[in-house]
Each structure stands twice: as C-alpha cells, then as structure tokens.
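*Asks:* Got a structure for you, data-v5.cif, holding mmCIF, C-alpha atoms.
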data_start
loop_
_atom_site.group_PDB
_atom_site.id
_atom_site.type_symbol
_atom_site.label_atom_id
_atom_site.label_comp_id
_atom_site.auth_asym_id
_atom_site.auth_seq_id
_atom_site.Cartn_x
_atom_site.Cartn_y
_atom_site.Cartn_z
ATOM 1 C CA MET P 648 -49.366 -131.176 102.598
ATOM 2 C CA GLU P 649 -50.246 -127.530 102.071
ATOM 3 C CA MET P 650 -49.155 -126.733 105.638
ATOM 4 C CA ARG P 651 -45.829 -128.502 105.069
ATOM 5 C CA MET P 652 -45.178 -126.446 101.893
ATOM 6 C CA LYS P 653 -45.946 -123.249 103.817
ATOM 7 C CA ASN P 654 -43.449 -124.248 106.531
ATOM 8 C CA ILE P 655 -40.775 -125.042 103.958
ATOM 9 C CA SER P 656 -41.401 -121.732 102.190
ATOM 10 C CA SER P 657 -41.172 -119.864 105.488
ATOM 11 C CA LEU P 658 -37.984 -121.673 106.391
ATOM 12 C CA ALA P 659 -36.440 -120.939 102.983
ATOM 13 C CA ALA P 660 -37.406 -117.271 103.280
ATOM 14 C CA TRP P 661 -35.803 -117.174 106.742
ATOM 15 C CA PHE P 662 -32.502 -118.613 105.432
ATOM 16 C CA VAL P 663 -32.479 -116.118 102.565
ATOM 17 C CA PHE P 664 -33.055 -113.268 105.043
ATOM 18 C CA VAL P 665 -30.288 -114.455 107.396
ATOM 19 C CA GLY P 666 -27.910 -114.859 104.439
ATOM 20 C CA PHE P 667 -28.732 -111.344 103.246
ATOM 21 C CA VAL P 668 -28.110 -109.872 106.712
ATOM 22 C CA LEU P 669 -24.786 -111.684 107.075
ATOM 23 C CA THR P 670 -23.653 -110.606 103.619
ATOM 24 C CA THR P 671 -24.596 -107.006 104.348
ATOM 25 C CA VAL P 672 -22.805 -107.005 107.696
ATOM 26 C CA LEU P 673 -19.642 -108.514 106.233
ATOM 27 C CA ALA P 674 -19.703 -106.167 103.251
ATOM 28 C CA GLN P 675 -19.820 -103.176 105.601
ATOM 29 C CA ASN P 676 -16.747 -104.449 107.486
ATOM 30 C CA VAL P 677 -18.580 -104.437 110.795
ATOM 31 C CA PHE P 678 -16.162 -107.121 111.901
ATOM 32 C CA PRO P 679 -12.684 -105.788 111.098
ATOM 33 C CA ALA P 680 -9.992 -108.201 110.015
ATOM 34 C CA PRO P 681 -7.535 -109.129 112.743
ATOM 35 C CA ALA P 682 -4.495 -106.874 112.818
ATOM 36 C CA LYS P 683 -1.335 -108.343 111.361
ATOM 37 C CA THR P 684 1.045 -108.618 114.283
ATOM 38 C CA ASP P 685 4.120 -110.176 112.705
ATOM 39 C CA LYS P 686 4.810 -107.459 110.178
ATOM 40 C CA ALA P 687 8.477 -107.068 109.359
ATOM 41 C CA LEU P 688 10.347 -104.239 110.994
ATOM 42 C CA VAL P 689 11.758 -101.470 108.806
ATOM 43 C CA ASP P 690 15.569 -101.408 108.902
ATOM 44 C CA LEU P 691 16.777 -97.827 109.283
ATOM 45 C CA ASN P 692 20.114 -98.659 107.654
ATOM 46 C CA SER P 693 18.777 -100.293 104.484
ATOM 47 C CA ALA P 694 15.150 -99.246 103.947
ATOM 48 C CA SER P 695 14.235 -97.335 100.819
ATOM 49 C CA ALA P 696 12.831 -93.814 100.992
ATOM 50 C CA LYS P 697 9.402 -95.223 100.141
ATOM 51 C CA GLU P 698 9.554 -97.754 103.001
ATOM 52 C CA LEU P 699 10.574 -95.005 105.442
ATOM 53 C CA GLU P 700 7.786 -92.706 104.241
ATOM 54 C CA ALA P 701 5.250 -95.411 105.130
ATOM 55 C CA LEU P 702 6.161 -94.946 108.806
ATOM 56 C CA PRO P 703 4.008 -92.607 110.925
ATOM 57 C CA GLY P 704 5.454 -89.108 111.173
ATOM 58 C CA VAL P 705 7.924 -89.648 108.298
ATOM 59 C CA GLY P 706 7.445 -87.790 105.034
ATOM 60 C CA PRO P 707 9.685 -87.392 101.967
ATOM 61 C CA ALA P 708 11.948 -84.753 103.553
ATOM 62 C CA THR P 709 12.389 -86.728 106.771
ATOM 63 C CA SER P 710 13.107 -89.973 104.914
ATOM 64 C CA LYS P 711 15.887 -88.177 102.988
ATOM 65 C CA LYS P 712 17.349 -86.940 106.292
ATOM 66 C CA ILE P 713 17.191 -90.454 107.757
ATOM 67 C CA ILE P 714 19.011 -91.870 104.720
ATOM 68 C CA ALA P 715 21.589 -89.040 104.747
ATOM 69 C CA ASN P 716 22.478 -89.689 108.399
ATOM 70 C CA ARG P 717 23.101 -93.426 108.051
ATOM 71 C CA PRO P 718 24.408 -95.611 109.575
ATOM 72 C CA TYR P 719 22.489 -95.871 112.851
ATOM 73 C CA LYS P 720 23.604 -97.934 115.822
ATOM 74 C CA SER P 721 20.313 -97.440 117.698
ATOM 75 C CA VAL P 722 16.832 -96.107 117.017
ATOM 76 C CA ASP P 723 17.524 -93.209 119.399
ATOM 77 C CA GLU P 724 20.064 -91.885 116.887
ATOM 78 C CA LEU P 725 17.145 -90.758 114.708
ATOM 79 C CA SER P 726 17.474 -87.492 116.605
ATOM 80 C CA LYS P 727 20.505 -86.707 114.393
ATOM 81 C CA ALA P 728 18.052 -86.733 111.456
ATOM 82 C CA GLY P 729 15.920 -84.140 113.246
ATOM 83 C CA LEU P 730 13.164 -86.409 114.602
ATOM 84 C CA SER P 731 11.593 -85.437 117.911
ATOM 85 C CA GLU P 732 11.662 -87.767 120.922
ATOM 86 C CA LYS P 733 7.900 -88.220 120.574
ATOM 87 C CA VAL P 734 8.188 -89.425 116.964
ATOM 88 C CA ILE P 735 11.158 -91.649 117.824
ATOM 89 C CA GLU P 736 9.157 -93.309 120.620
ATOM 90 C CA LYS P 737 6.287 -93.919 118.173
ATOM 91 C CA LEU P 738 8.699 -95.501 115.666
ATOM 92 C CA LYS P 739 10.584 -97.795 118.085
ATOM 93 C CA PRO P 740 8.182 -100.758 117.785
ATOM 94 C CA LEU P 741 8.162 -100.410 113.982
ATOM 95 C CA VAL P 742 11.853 -100.143 113.134
ATOM 96 C CA THR P 743 15.123 -101.944 113.659
ATOM 97 C CA VAL P 744 18.781 -101.153 113.127
ATOM 98 C CA GLY P 745 20.647 -103.579 110.904
ATOM 99 C CA SER P 746 24.266 -103.603 109.790
ATOM 100 C CA THR P 747 26.137 -100.384 110.471
ATOM 101 C CA THR P 748 28.957 -100.905 107.973
ATOM 102 C CA PRO P 749 29.569 -97.480 106.412
ATOM 103 C CA ALA P 750 28.900 -97.301 102.683
ATOM 104 C CA GLY P 751 32.573 -96.699 101.876
ATOM 105 C CA ALA P 752 33.957 -99.589 103.944
ATOM 106 C CA ALA P 753 33.174 -102.959 102.413
ATOM 107 C CA SER P 754 33.936 -106.000 104.490
ATOM 108 C CA ALA P 755 35.336 -109.220 103.074
ATOM 109 C CA THR P 756 31.866 -110.759 102.851
ATOM 110 C CA THR P 757 29.623 -107.898 101.749
ATOM 111 C CA ALA P 758 29.743 -105.163 99.173
ATOM 112 C CA PRO P 759 28.697 -101.644 100.104
ATOM 113 C CA SER P 760 24.948 -101.152 99.951
ATOM 114 C CA SER P 761 25.390 -98.497 97.251
ATOM 115 C CA ILE P 762 27.013 -101.104 94.989
ATOM 116 C CA LYS P 763 24.551 -103.883 95.840
ATOM 117 C CA LYS P 764 21.560 -101.613 95.170
ATOM 118 C CA SER P 765 22.912 -100.777 91.728
ATOM 119 C CA LEU P 766 23.282 -104.415 90.708
ATOM 120 C CA PRO P 767 20.860 -105.414 87.984
ATOM 121 C CA SER P 768 18.795 -108.459 88.898
ATOM 122 C CA SER P 769 20.669 -110.599 86.358
ATOM 123 C CA THR P 770 24.074 -109.816 87.944
ATOM 124 C CA LYS P 771 25.734 -112.584 89.906
ATOM 125 C CA LEU P 772 27.121 -111.898 93.365
ATOM 126 C CA ALA P 773 30.874 -111.566 93.792
ATOM 127 C CA PRO P 774 32.653 -114.548 95.351
ATOM 128 C CA GLY P 775 32.334 -114.395 99.133
ATOM 129 C CA GLN P 776 29.594 -111.771 98.975
ATOM 130 C CA LYS P 777 26.556 -112.589 101.131
ATOM 131 C CA VAL P 778 23.115 -111.000 101.177
ATOM 132 C CA ASN P 779 21.475 -110.402 104.552
ATOM 133 C CA ILE P 780 17.913 -111.639 104.061
ATOM 134 C CA ASN P 781 16.729 -109.509 107.003
ATOM 135 C CA THR P 782 17.960 -106.192 105.580
ATOM 136 C CA ALA P 783 18.493 -106.614 101.830
ATOM 137 C CA SER P 784 16.517 -104.601 99.323
ATOM 138 C CA LYS P 785 14.176 -106.279 96.861
ATOM 139 C CA GLU P 786 16.762 -105.764 94.100
ATOM 140 C CA GLN P 787 19.494 -107.430 96.166
ATOM 141 C CA LEU P 788 17.288 -110.448 96.860
ATOM 142 C CA ASP P 789 16.239 -110.595 93.205
ATOM 143 C CA ALA P 790 19.926 -110.994 92.281
ATOM 144 C CA LEU P 791 20.051 -114.353 94.075
ATOM 145 C CA PRO P 792 19.773 -117.440 91.818
ATOM 146 C CA GLY P 793 16.238 -118.797 91.677
ATOM 147 C CA ILE P 794 14.737 -115.700 93.326
ATOM 148 C CA GLY P 795 12.658 -113.413 91.180
ATOM 149 C CA SER P 796 10.803 -110.243 91.998
ATOM 150 C CA THR P 797 7.815 -112.071 93.520
ATOM 151 C CA LYS P 798 9.907 -114.291 95.790
ATOM 152 C CA ALA P 799 12.076 -111.305 96.764
ATOM 153 C CA GLN P 800 8.966 -109.454 97.953
ATOM 154 C CA ALA P 801 7.757 -112.577 99.771
ATOM 155 C CA ILE P 802 11.128 -112.789 101.556
ATOM 156 C CA ILE P 803 10.776 -109.158 102.646
ATOM 157 C CA ASP P 804 7.206 -109.757 103.821
ATOM 158 C CA GLY P 805 8.319 -112.769 105.887
ATOM 159 C CA ARG P 806 10.992 -110.937 107.894
ATOM 160 C CA PRO P 807 12.628 -111.305 110.361
ATOM 161 C CA TYR P 808 14.477 -114.601 110.005
ATOM 162 C CA GLU P 809 16.461 -116.179 112.841
ATOM 163 C CA LYS P 810 18.453 -118.602 110.673
ATOM 164 C CA ILE P 811 18.971 -118.938 106.937
ATOM 165 C CA GLU P 812 16.885 -122.128 106.809
ATOM 166 C CA ASP P 813 13.834 -120.066 107.812
ATOM 167 C CA ILE P 814 13.751 -118.734 104.242
ATOM 168 C CA MET P 815 12.211 -122.084 103.217
ATOM 169 C CA LYS P 816 9.016 -120.955 104.981
ATOM 170 C CA VAL P 817 8.521 -118.514 102.099
ATOM 171 C CA LYS P 818 6.119 -119.776 99.447
ATOM 172 C CA GLY P 819 8.037 -121.084 96.436
ATOM 173 C CA ILE P 820 11.362 -121.532 98.227
ATOM 174 C CA LYS P 821 11.971 -125.191 98.907
ATOM 175 C CA GLN P 822 15.117 -127.281 99.361
ATOM 176 C CA GLY P 823 16.232 -126.961 95.714
ATOM 177 C CA VAL P 824 16.206 -123.153 95.697
ATOM 178 C CA PHE P 825 17.642 -123.079 99.218
ATOM 179 C CA ASN P 826 20.574 -125.258 98.109
ATOM 180 C CA LYS P 827 21.354 -122.707 95.358
ATOM 181 C CA ILE P 828 21.390 -119.718 97.728
ATOM 182 C CA LYS P 829 22.431 -121.070 101.143
ATOM 183 C CA ASP P 830 26.078 -120.059 100.663
ATOM 184 C CA LEU P 831 25.053 -116.609 99.434
ATOM 185 C CA ILE P 832 22.776 -115.540 102.284
ATOM 186 C CA THR P 833 23.099 -114.605 105.932
ATOM 187 C CA VAL P 834 20.856 -113.327 108.720
ATOM 188 C CA LYS P 835 23.588 -111.304 110.491
#
Could you show the structure in this file as structure tokens?
*Replies:*
Amino acid sequence: MEMRMKNISSLAAWFVFVGFVLTTVLAQNVFPAPAKTDKALVDLNSASAKELEALPGVGPATSKKIIANRPYKSVDELSKAGLSEKVIEKLKPLVTVGSTTPAGAASATTAPSSIKKSLPSSTKLAPGQKVNINTASKEQLDALPGIGSTKAQAIIDGRPYEKIEDIMKVKGIKQGVFNKIKDLITVK
C-alpha cells in the first residue's frame, strides 16, 4: 500500500511538472500562432489614411500623397504618389484597386466617396445608391439598416466578397439583416 501511494505521488508530481513546462512554453510564445493568410486587401481608392499608414513603407506623409493622387487604375500607379518601385512591389500583395470613379463624378448608383464618408451613421442611403461591401468605409457600412459599428468592422475584416450573399458569413448577419440590405449593397 505504501509503495502504491509513492507511485501515485510520483505520477502526480510528474503531471504537475509536465503541466508547468507546457504552460511556461506556451506563455513564452515558443510556438507562434499561425499567420493569418486571408486578411483583407487594402483598397487604394477608398482606404483611410490610418489604413494606408499600416502598410509597410507608408507613413503619414505618403498616405496623404496616395489619397491626393486618387483614383488609381493599377497598383503601379502608386509611382505618381512618389513611391519607389521597391516599395510598390512590396505593397502589391497587400493592396487592391477598387472603383476608379472620380470624386466629382457620381454615377446613377453611387454617391461620391466624399459625400458617403460624410454621412452620419443614422442617415439613410439615397434611392438607387449602393454600397460596395469590398471597398466601403466603416462609416458607409454603418449607414446600412441593421448594421452597426461592430458589424461594419466585421464586414471589413471578412473582405473580399465574391457575391453579396457572402456577407451572411459575417457573425450577426443572417437572412433577416441580409433581406434589409441586399438591394443596397454590391461587390462591384
């Protein structure tokens, strides 16, 4: 009986030791978390200055130049904002080029981005106006019925979308919310 108690005590001590080692190793981040590979691309034609500044090689001055030289038809056009070829090559896998409608020329279905960005979140969209869920700002998404600030950020985090129905993959957006916004959104 005494021998059995000794074995149990030894075994318990061993489990405590192994648990301690594992906890220590995990706490020191010896095993890094897997890299997130499906991160949304930054749209050069609609990203905020803050979003642009998060890109490698882009600071506050460069982000202002990028915004000032909009719209872009290709990533290579970043050279007109003063970016070197080396920086442009580094940015290519991280950025995309969305709609190139100039700010002064509204189409029949969308308002200029300068107007849409100034809309308060409680403002309703104009008849026929659609929000591109792949390029819209958080404020533009927040203006959609049933979408608040949290869901707007979740939509941004889930980009890109191939069809408008893909928005139902976002947590909190089910058929009911989708039915409210389906005629107000686009992916083009």
*Asks:* What is the CA of Lys785 (chain P)-CA of Asn826 (chain P) distance in Å, reported with one decimal?
*Replies:* 20.1 Å
*Asks:* Show me the residues close to (19.2, -116.8, 111.2) - anything with an atom within 10 Å, counting all atoms listed in the file - and format the list as a PyMOL selection string.
*Replies:* chain P and resi 779-781+807-814+832-835
*Asks:* Counting only C-alpha atoms, which of P:Leu691, P:Ala659, P:Val817, P:Val668 gets nearest to Ala783 (chain P)?
*Replies:*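 Smallest distance to Ala783 (chain P) is found for P:Leu691.
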*Asks:* Since I can't run it myself right now, could you work out what the PyMOL selection byres ((chain P and resi 702-705) around 9) selects here and report it as a compact mmCIF listing (two decimals) with C-alpha atoms, in the coordinates of the input?
*Replies:*
# COMPACT_ATOMS: atom_id res chain seq x y z
CA VAL P 689 11.76 -101.47 108.81
CA GLU P 698 9.55 -97.75 103.00
CA LEU P 699 10.57 -95.00 105.44
CA GLU P 700 7.79 -92.71 104.24
CA ALA P 701 5.25 -95.41 105.13
CA GLY P 706 7.44 -87.79 105.03
CA PRO P 707 9.68 -87.39 101.97
CA ALA P 708 11.95 -84.75 103.55
CA THR P 709 12.39 -86.73 106.77
CA SER P 710 13.11 -89.97 104.91
CA LEU P 730 13.16 -86.41 114.60
CA VAL P 734 8.19 -89.42 116.96
CA LYS P 737 6.29 -93.92 118.17
CA LEU P 738 8.70 -95.50 115.67
CA LEU P 741 8.16 -100.41 113.98
CA VAL P 742 11.85 -100.14 113.13
*Asks:* Between P:Pro740, P:Gly666, P:Pro792, P:Gly745, which one has atoms that come closest to Ser721 (chain P), using all atoms listed in the file?
*Replies:* P:Gly745
*Asks:* Please report the interatomic distance between CA of Ile820 (chain P) and CA of Ala696 (chain P) in Å with one decimal.
*Replies:*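 Separation between CA of Ile820 (chain P) and CA of Ala696 (chain P): 27.9 Å.
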*Asks:* Do you know which residues the PyMOL selection byres ((chain P and resi 797) around 12) returns on this file, as a count of residues only?
*Replies:* 19
*Asks:* Enter the distance from CA of Lys697 (chain P) to CA of Lys711 (chain P), in Å, rounded to one decimal.
*Replies:* 10.0 Å
*Asks:* Under the rule that all atoms listed in the file are counted, which of P:Lys816, P:Lys821, P:Lys727, P:Arg717 is the nearest residue to Asp690 (chain P)?
*Replies:*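 Answer, going by the shortest atom-to-atom distance: P:Arg717.
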*Asks:* For a quick check of understanding, using only C-alpha atoms, which of P:Ile735, P:Leu831, P:Val824, P:Gly805 has the smallest distance to Gly775 (chain P)?
*Replies:* P:Leu831
*Asks:* Given only C-alpha atoms as the basis, pick out the residue of P:Phe662, P:Met650, P:Ile828, P:Met815 nearest to Ala790 (chain P).
*Replies:* P:Ile828
*Asks:* Starting from 8 Å padding per side, set up an axis-aligned box that covers all listed atoms of region 692-706 of chain P and hand over centre and edge lengths in Å, one decimal, as AutoDock Vina command-line options.
*Replies:*
--center_x 12.1 --center_y -94.0 --center_z 105.7 --size_x 32.1 --size_y 28.5 --size_z 27.0
*Asks:* Return region 782-806 of chain P, completed with N, CA and C atoms, as an mmCIF file, in the frame of the given file.
*Replies:*
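Contents of out22.cif, as written:
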data_model
loop_
_atom_site.group_PDB
_atom_site.id
_atom_site.type_symbol
_atom_site.label_atom_id
_atom_site.label_comp_id
_atom_site.auth_asym_id
_atom_site.auth_seq_id
_atom_site.Cartn_x
_atom_site.Cartn_y
_atom_site.Cartn_z
ATOM 1 N N THR P 782 17.798 -107.622 105.866
ATOM 2 C CA THR P 782 17.960 -106.192 105.580
ATOM 3 C C THR P 782 18.079 -105.865 104.103
ATOM 4 N N ALA P 783 18.253 -106.853 103.253
ATOM 5 C CA ALA P 783 18.493 -106.614 101.830
ATOM 6 C C ALA P 783 17.283 -105.991 101.146
ATOM 7 N N SER P 784 17.575 -105.197 100.137
ATOM 8 C CA SER P 784 16.517 -104.601 99.323
ATOM 9 C C SER P 784 15.932 -105.672 98.398
ATOM 10 N N LYS P 785 14.823 -105.360 97.795
ATOM 11 C CA LYS P 785 14.176 -106.279 96.861
ATOM 12 C C LYS P 785 15.108 -106.588 95.690
ATOM 13 N N GLU P 786 15.833 -105.583 95.223
ATOM 14 C CA GLU P 786 16.762 -105.764 94.100
ATOM 15 C C GLU P 786 17.908 -106.697 94.484
ATOM 16 N N GLN P 787 18.410 -106.563 95.713
ATOM 17 C CA GLN P 787 19.494 -107.430 96.166
ATOM 18 C C GLN P 787 19.030 -108.875 96.250
ATOM 19 N N LEU P 788 17.828 -109.093 96.764
ATOM 20 C CA LEU P 788 17.288 -110.448 96.860
ATOM 21 C C LEU P 788 17.015 -111.022 95.481
ATOM 22 N N ASP P 789 16.542 -110.186 94.572
ATOM 23 C CA ASP P 789 16.239 -110.595 93.205
ATOM 24 C C ASP P 789 17.503 -111.072 92.487
ATOM 25 N N ALA P 790 18.672 -110.599 92.904
ATOM 26 C CA ALA P 790 19.926 -110.994 92.281
ATOM 27 C C ALA P 790 20.348 -112.414 92.657
ATOM 28 N N LEU P 791 19.718 -112.991 93.666
ATOM 29 C CA LEU P 791 20.051 -114.353 94.075
ATOM 30 C C LEU P 791 19.518 -115.358 93.057
ATOM 31 N N PRO P 792 20.253 -116.447 92.790
ATOM 32 C CA PRO P 792 19.773 -117.440 91.818
ATOM 33 C C PRO P 792 18.473 -118.099 92.279
ATOM 34 N N GLY P 793 17.516 -118.161 91.373
ATOM 35 C CA GLY P 793 16.238 -118.797 91.677
ATOM 36 C C GLY P 793 15.244 -117.890 92.380
ATOM 37 N N ILE P 794 15.626 -116.649 92.659
ATOM 38 C CA ILE P 794 14.737 -115.700 93.326
ATOM 39 C C ILE P 794 14.371 -114.611 92.331
ATOM 40 N N GLY P 795 13.118 -114.482 92.053
ATOM 41 C CA GLY P 795 12.658 -113.413 91.180
ATOM 42 C C GLY P 795 12.042 -112.308 92.004
ATOM 43 N N SER P 796 11.403 -111.396 91.333
ATOM 44 C CA SER P 796 10.803 -110.243 91.998
ATOM 45 C C SER P 796 9.726 -110.661 92.999
ATOM 46 N N THR P 797 8.903 -111.627 92.642
ATOM 47 C CA THR P 797 7.815 -112.071 93.520
ATOM 48 C C THR P 797 8.352 -112.730 94.778
ATOM 49 N N LYS P 798 9.334 -113.624 94.615
ATOM 50 C CA LYS P 798 9.907 -114.291 95.790
ATOM 51 C C LYS P 798 10.685 -113.295 96.645
ATOM 52 N N ALA P 799 11.344 -112.327 96.010
ATOM 53 C CA ALA P 799 12.076 -111.305 96.764
ATOM 54 C C ALA P 799 11.116 -110.540 97.664
ATOM 55 N N GLN P 800 9.952 -110.167 97.137
ATOM 56 C CA GLN P 800 8.966 -109.454 97.953
ATOM 57 C C GLN P 800 8.427 -110.357 99.053
ATOM 58 N N ALA P 801 8.238 -111.631 98.752
ATOM 59 C CA ALA P 801 7.757 -112.577 99.771
ATOM 60 C C ALA P 801 8.788 -112.739 100.888
ATOM 61 N N ILE P 802 10.070 -112.713 100.541
ATOM 62 C CA ILE P 802 11.128 -112.789 101.556
ATOM 63 C C ILE P 802 11.041 -111.565 102.463
ATOM 64 N N ILE P 803 10.883 -110.403 101.873
ATOM 65 C CA ILE P 803 10.776 -109.158 102.646
ATOM 66 C C ILE P 803 9.556 -109.217 103.558
ATOM 67 N N ASP P 804 8.443 -109.686 103.039
ATOM 68 C CA ASP P 804 7.206 -109.757 103.821
ATOM 69 C C ASP P 804 7.309 -110.755 104.976
ATOM 70 N N GLY P 805 8.192 -111.742 104.859
ATOM 71 C CA GLY P 805 8.319 -112.769 105.887
ATOM 72 C C GLY P 805 9.336 -112.458 106.979
ATOM 73 N N ARG P 806 9.970 -111.304 106.900
ATOM 74 C CA ARG P 806 10.992 -110.937 107.894
ATOM 75 C C ARG P 806 10.403 -110.772 109.275
#
